[in-house]
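So the structure is just underneath, and the comments pick up after that.
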Amino acid sequence: MSDQSVEKAATVAALRRTLAQMSGRPHAAPNAGSESSGSESSGGGSTMLAVPTPIAELLPRRGLAPGSVVSVSGAMTLPVALLAAASAAGATAAVVGLPELNLAMAADLGADLGRIAVVESPSTRGSGAWDRLEVTAVLLDGIDLVVVGVDRVTPSRARVLTGRARRQASTLLVVGPPGAWPGASVRFSGDVAGYRHLPLRRNGYGRIGGLQVDVEVSGTGIAPRRLRCELVTPGIGEPGSLRLEAVEPTRRRTAAPARAGWAVAN
C-alpha cells in the first residue's frame, strides 16, 4: 500500500471516530442507513431537518428531508442560518472546505457549536492530495447535515454522493455557484438587498444593525417562491440576539425597502 493510501486510510478512520462521537452511536457501515435529527416527523421513522422559521414557510414540509441534496448560492447568510437552525434543534453537522463560513455568526443565531465539526479545506497537491468530496462521502455515513463548498461537480460524482446521502438519510448542503450540483432536490439562492445602519451620537459614526436578503427556493415538487428576510442585530443595550425574520415577499431581488436607515448593497 502506498504512503498516500495509508494517509488517506488514517484520515478516514479519524473522521469516522469523530462522527461516531458526535452522533452518540457506533459508526454505521458505509451502506447502512442512519436516522437523522430534525424538527418534525416526516413518517417512516425519520425526521425533517429544522430550518429557520422564515425559510420553513417556503418549504412544503417546513424542513429539509433526510437523504436530500440542497444547493445554496449567493449570500453566505443562508448556509450559516441553515446550519445554525439544524444544530440548535439537535442535529449533528459537519462543514467541509468552507473557511468563509462565519461560525461566530452561526453561534449568535443559536447554533450549538458542540454539534458541528469543521474540516479544513483538504489539500489538492503532493502526497497528501485529498478530495473534499471524499471527505464528504465519509461524513455522510453518520452526520445529519454535511455542508460542503464546491465550484462545479460532474453529474457522475453528484449521482454517487446523492445516492450515498439517500442511503444514509443524511442531508447534503452544497454551497457554490448556481448549478454547481446537478440534480439538487432543493435549490436556494440569496441576494443581499440592503443594510440597516444604527447611528451613534456622533455624526458620521455608526454600525450595521442588520441586512436584508432576498431568498428564492425551488426544486423537485417545490414551486418557485421568494421571500425577503431581515437579519436583525439588537441595538446597543437592547435585549435579544441575532435573528432572522421575514419582512415581505419580493418580486425583484434588486429592490430595496423604501424606509429610513436602509442603504442598497453594491
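How things are named: the first chain in the C-alpha cells is A, the next is B, and so on; residues count from 1 in each chain; ligands count from 1 in the order shown.
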Would you mind writing down, as a VMD selection string, each residue of stretch 48-258 of chain A that DSSP on the backbone assigns to helix (DSSP H, G or I)?
-> chain A and resid 53 to 56 77 to 88 103 to 108 113 to 115 132 to 139 155 to 168
A:Pro79 environment, 9 Å, only C-alpha atoms, sequence neighbours closer than 2 positions dropped, as a list in words = Val72, Ser73, Ala75, Met76, Thr77, Ala81, Leu82, Leu83, Ala84, Leu101, Val147, Leu173, Val174 and Val175 of chain A
What would the file look like if the residues just selected were written as a CSV table (one decimal), in the first residue's frame with N, CA and C atoms?
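again_5.csv written:
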```csv
chain,number,residue,atom,x,y,z
A,72,VAL,N,-27.1,25.8,-2.3
A,72,VAL,CA,-27.3,27.2,-1.9
A,72,VAL,C,-26.3,28.0,-2.6
A,73,SER,N,-26.8,29.1,-3.2
A,73,SER,CA,-25.9,30.0,-3.9
A,73,SER,C,-26.2,31.4,-3.4
A,75,ALA,N,-25.7,34.8,-1.1
A,75,ALA,CA,-25.3,35.3,0.2
A,75,ALA,C,-25.0,34.2,1.2
A,76,MET,N,-23.9,34.3,1.9
A,76,MET,CA,-23.5,33.3,2.9
A,76,MET,C,-24.4,33.3,4.1
A,77,THR,N,-25.2,34.3,4.2
A,77,THR,CA,-26.2,34.3,5.4
A,77,THR,C,-27.1,33.1,5.4
A,81,ALA,N,-27.4,30.4,8.4
A,81,ALA,CA,-28.6,30.3,9.1
A,81,ALA,C,-29.2,28.9,9.1
A,82,LEU,N,-29.0,28.2,8.0
A,82,LEU,CA,-29.5,26.8,7.9
A,82,LEU,C,-28.7,25.9,8.9
A,83,LEU,N,-27.4,26.1,8.9
A,83,LEU,CA,-26.5,25.3,9.8
A,83,LEU,C,-26.9,25.6,11.3
A,84,ALA,N,-27.2,26.9,11.6
A,84,ALA,CA,-27.5,27.2,13.0
A,84,ALA,C,-28.8,26.6,13.4
A,101,LEU,N,-17.3,30.5,5.9
A,101,LEU,CA,-18.5,30.4,6.7
A,101,LEU,C,-18.2,30.9,8.1
A,147,VAL,N,-22.2,20.1,5.2
A,147,VAL,CA,-22.1,21.3,4.4
A,147,VAL,C,-20.8,21.3,3.7
A,173,LEU,N,-25.7,19.6,2.1
A,173,LEU,CA,-25.9,21.0,1.8
A,173,LEU,C,-24.7,21.5,1.0
A,174,VAL,N,-24.9,21.8,-0.3
A,174,VAL,CA,-23.8,22.2,-1.2
A,174,VAL,C,-23.9,23.7,-1.4
A,175,VAL,N,-22.7,24.4,-1.1
A,175,VAL,CA,-22.6,25.8,-1.2
A,175,VAL,C,-21.7,26.1,-2.4
```
Please build the interface table for stretch 34-112 of chain A against stretch 212-226 of chain A with a cut-off of 12 Å, listing for each qualifying residue the nearest atom pair and the distance in Å to one decimal; count only C-alpha atoms, order rows by chain and increasing number, and write it as a Markdown table.
```
| residue | atom | partner | partner_atom | distance |
| --- | --- | --- | --- | --- |
| A:Pro54 | CA | A:Val215 | CA | 9.8 |
| A:Ile55 | CA | A:Val215 | CA | 8.3 |
| A:Ala56 | CA | A:Val217 | CA | 10.7 |
| A:Glu57 | CA | A:Arg225 | CA | 9.7 |
| A:Leu58 | CA | A:Arg225 | CA | 6.5 |
| A:Leu59 | CA | A:Ile222 | CA | 7.2 |
| A:Pro60 | CA | A:Ile222 | CA | 7.0 |
| A:Arg61 | CA | A:Ile222 | CA | 10.1 |
| A:Arg62 | CA | A:Ile222 | CA | 11.6 |
| A:Leu64 | CA | A:Gly219 | CA | 11.7 |
| A:Ala65 | CA | A:Thr220 | CA | 11.9 |
| A:Ser68 | CA | A:Thr220 | CA | 10.5 |
| A:Val69 | CA | A:Gly219 | CA | 10.3 |
| A:Val70 | CA | A:Gly219 | CA | 9.0 |
| A:Ser71 | CA | A:Gly219 | CA | 9.7 |
| A:Val72 | CA | A:Val217 | CA | 9.3 |
| A:Ser73 | CA | A:Glu216 | CA | 10.0 |
| A:Gly74 | CA | A:Val215 | CA | 9.3 |
| A:Ala75 | CA | A:Val213 | CA | 7.6 |
| A:Met76 | CA | A:Val213 | CA | 10.1 |
| A:Thr77 | CA | A:Val213 | CA | 8.0 |
| A:Leu78 | CA | A:Val215 | CA | 8.2 |
| A:Pro79 | CA | A:Val215 | CA | 11.6 |
| A:Ala81 | CA | A:Val213 | CA | 11.7 |
```
Kindly save the residues from that selection, with N, CA, C and O atoms included, as an mmCIF file, in the first residue's frame.
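Result went into again.cif, see below:
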```cif
data_model
loop_
_atom_site.group_PDB
_atom_site.id
_atom_site.type_symbol
_atom_site.label_atom_id
_atom_site.label_comp_id
_atom_site.auth_asym_id
_atom_site.auth_seq_id
_atom_site.Cartn_x
_atom_site.Cartn_y
_atom_site.Cartn_z
ATOM 1 N N PRO A 54 -38.569 31.661 8.959
ATOM 2 C CA PRO A 54 -38.968 32.268 7.674
ATOM 3 C C PRO A 54 -38.748 31.330 6.493
ATOM 4 O O PRO A 54 -39.560 31.297 5.564
ATOM 5 N N ILE A 55 -37.641 30.551 6.527
ATOM 6 C CA ILE A 55 -37.351 29.628 5.433
ATOM 7 C C ILE A 55 -38.354 28.480 5.423
ATOM 8 O O ILE A 55 -38.739 27.975 4.364
ATOM 9 N N ALA A 56 -38.796 28.048 6.602
ATOM 10 C CA ALA A 56 -39.763 26.953 6.693
ATOM 11 C C ALA A 56 -41.037 27.281 5.933
ATOM 12 O O ALA A 56 -41.698 26.395 5.383
ATOM 13 N N GLU A 57 -41.401 28.566 5.906
ATOM 14 C CA GLU A 57 -42.624 28.972 5.207
ATOM 15 C C GLU A 57 -42.533 28.733 3.704
ATOM 16 O O GLU A 57 -43.552 28.665 3.018
ATOM 17 N N LEU A 58 -41.316 28.596 3.183
ATOM 18 C CA LEU A 58 -41.131 28.401 1.744
ATOM 19 C C LEU A 58 -41.128 26.930 1.342
ATOM 20 O O LEU A 58 -41.194 26.627 0.148
ATOM 21 N N LEU A 59 -41.037 26.034 2.329
ATOM 22 C CA LEU A 59 -40.900 24.607 2.036
ATOM 23 C C LEU A 59 -42.201 23.862 2.315
ATOM 24 O O LEU A 59 -42.853 24.111 3.329
ATOM 25 N N PRO A 60 -42.595 22.923 1.447
ATOM 26 C CA PRO A 60 -43.872 22.214 1.618
ATOM 27 C C PRO A 60 -43.991 21.494 2.955
ATOM 28 O O PRO A 60 -45.066 21.433 3.539
ATOM 29 N N ARG A 61 -42.877 20.953 3.468
ATOM 30 C CA ARG A 61 -42.912 20.200 4.721
ATOM 31 C C ARG A 61 -42.184 20.940 5.844
ATOM 32 O O ARG A 61 -41.852 20.348 6.865
ATOM 33 N N ARG A 62 -41.933 22.227 5.629
ATOM 34 C CA ARG A 62 -41.372 23.107 6.656
ATOM 35 C C ARG A 62 -40.010 22.644 7.171
ATOM 36 O O ARG A 62 -39.612 22.957 8.295
ATOM 37 N N LEU A 64 -36.077 20.261 5.800
ATOM 38 C CA LEU A 64 -35.333 19.563 4.763
ATOM 39 C C LEU A 64 -35.399 18.064 5.033
ATOM 40 O O LEU A 64 -35.147 17.607 6.151
ATOM 41 N N ALA A 65 -35.741 17.310 4.012
ATOM 42 C CA ALA A 65 -35.919 15.866 4.173
ATOM 43 C C ALA A 65 -34.574 15.164 4.303
ATOM 44 O O ALA A 65 -33.625 15.479 3.575
ATOM 45 N N SER A 68 -31.766 14.146 1.306
ATOM 46 C CA SER A 68 -31.871 15.065 0.174
ATOM 47 C C SER A 68 -30.570 15.841 -0.025
ATOM 48 O O SER A 68 -29.726 15.925 0.869
ATOM 49 N N VAL A 69 -30.423 16.387 -1.222
ATOM 50 C CA VAL A 69 -29.296 17.264 -1.549
ATOM 51 C C VAL A 69 -29.839 18.665 -1.776
ATOM 52 O O VAL A 69 -30.755 18.857 -2.576
ATOM 53 N N VAL A 70 -29.287 19.631 -1.060
ATOM 54 C CA VAL A 70 -29.750 21.014 -1.099
ATOM 55 C C VAL A 70 -28.605 21.891 -1.582
ATOM 56 O O VAL A 70 -27.501 21.820 -1.039
ATOM 57 N N SER A 71 -28.845 22.692 -2.614
ATOM 58 C CA SER A 71 -27.814 23.601 -3.091
ATOM 59 C C SER A 71 -28.156 25.025 -2.661
ATOM 60 O O SER A 71 -29.318 25.422 -2.649
ATOM 61 N N VAL A 72 -27.118 25.779 -2.294
ATOM 62 C CA VAL A 72 -27.286 27.164 -1.868
ATOM 63 C C VAL A 72 -26.281 28.021 -2.605
ATOM 64 O O VAL A 72 -25.080 27.716 -2.620
ATOM 65 N N SER A 73 -26.754 29.095 -3.225
ATOM 66 C CA SER A 73 -25.866 30.027 -3.913
ATOM 67 C C SER A 73 -26.154 31.443 -3.425
ATOM 68 O O SER A 73 -27.227 31.729 -2.896
ATOM 69 N N GLY A 74 -25.179 32.320 -3.603
ATOM 70 C CA GLY A 74 -25.370 33.717 -3.225
ATOM 71 C C GLY A 74 -24.903 34.005 -1.816
ATOM 72 O O GLY A 74 -23.860 33.516 -1.371
ATOM 73 N N ALA A 75 -25.687 34.802 -1.093
ATOM 74 C CA ALA A 75 -25.305 35.307 0.230
ATOM 75 C C ALA A 75 -25.001 34.168 1.199
ATOM 76 O O ALA A 75 -25.771 33.224 1.318
ATOM 77 N N MET A 76 -23.868 34.294 1.919
ATOM 78 C CA MET A 76 -23.479 33.270 2.898
ATOM 79 C C MET A 76 -24.385 33.267 4.122
ATOM 80 O O MET A 76 -24.330 32.347 4.942
ATOM 81 N N THR A 77 -25.231 34.291 4.248
ATOM 82 C CA THR A 77 -26.189 34.314 5.359
ATOM 83 C C THR A 77 -27.052 33.059 5.359
ATOM 84 O O THR A 77 -27.387 32.516 6.423
ATOM 85 N N LEU A 78 -27.414 32.564 4.172
ATOM 86 C CA LEU A 78 -28.302 31.408 4.066
ATOM 87 C C LEU A 78 -27.697 30.131 4.646
ATOM 88 O O LEU A 78 -28.300 29.508 5.529
ATOM 89 N N PRO A 79 -26.534 29.676 4.165
ATOM 90 C CA PRO A 79 -25.994 28.446 4.747
ATOM 91 C C PRO A 79 -25.686 28.568 6.229
ATOM 92 O O PRO A 79 -25.837 27.600 6.976
ATOM 93 N N ALA A 81 -27.370 30.391 8.434
ATOM 94 C CA ALA A 81 -28.648 30.303 9.142
ATOM 95 C C ALA A 81 -29.193 28.877 9.132
ATOM 96 O O ALA A 81 -29.749 28.407 10.128
#
```
Selected residue, from A:Leu109, A:Arg164, A:Gly67, A:Val119, that lies nearest to A:Val95 when counting only C-alpha atoms =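 The shortest atom-to-atom distance to A:Val95 comes from A:Val119.
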Residues at most 8 Å from stretch 156-160 of chain A, counting only C-alpha atoms, excluding those fewer than 2 positions away in the same chain, as a PyMOL selection string?
-> chain A and resi 153-154+162-164+181-183
From stretch 138-194 of chain A, collect each residue whose DSSP state is strand (DSSP E or B) and return the set as a list in words.
->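 Residues meeting the strand (DSSP E or B) criterion: Leu145, Val146, Val147, Val148, Gly149, Thr171, Leu172, Leu173, Val174, Val175, Val186, Arg187, Phe188, Ser189, Gly190, Asp191, Val192, Ala193 and Gly194 of chain A.
Nearest to A:Arg152 of all the residues A:Gly179, A:Ser185, A:Asp131, A:Val138 is A:Gly179, counting only C-alpha atoms.
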Go ahead and compute the interatomic distance for atom CA of A:Glu245 and atom CA of A:Glu230, in Å to one decimal.
->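 According to the coordinates, atom CA of A:Glu245 and atom CA of A:Glu230 are separated by 5.2 Å.
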Atom pair atom CA of A:Ser241 / atom CA of A:Val186: separation (Å) |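 Atom CA of A:Val186 lies at a distance of 28.7 Å from atom CA of A:Ser241.
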Which residues, written as a PyMOL selection string, have at least one atom at most 7 Å from A:Leu244, with only C-alpha atoms counted and residues fewer than 3 positions away on the same chain left out?
-> chain A and resi 229-232
Given only C-alpha atoms as the counted atoms, nearest of A:Ala104, A:Leu140, A:Leu113, A:Leu211 to A:Gly194 |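 The shortest atom-to-atom distance to A:Gly194 comes from A:Leu211.
Note that the spacing between atom CA of A:Val118 and atom CA of A:Pro99 amounts to 9.1 Å.
Using only C-alpha atoms, the nearest neighbour of A:Thr92 within the list A:Leu161, A:Val146, A:Val80, A:Gly110 is A:Val146.
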Which of A:Thr171, A:Ala94, A:Arg115, A:Glu100 sits closest to A:Gly63 [using only C-alpha atoms] =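 Among the listed residues, the smallest separation from A:Gly63 belongs to A:Thr171.
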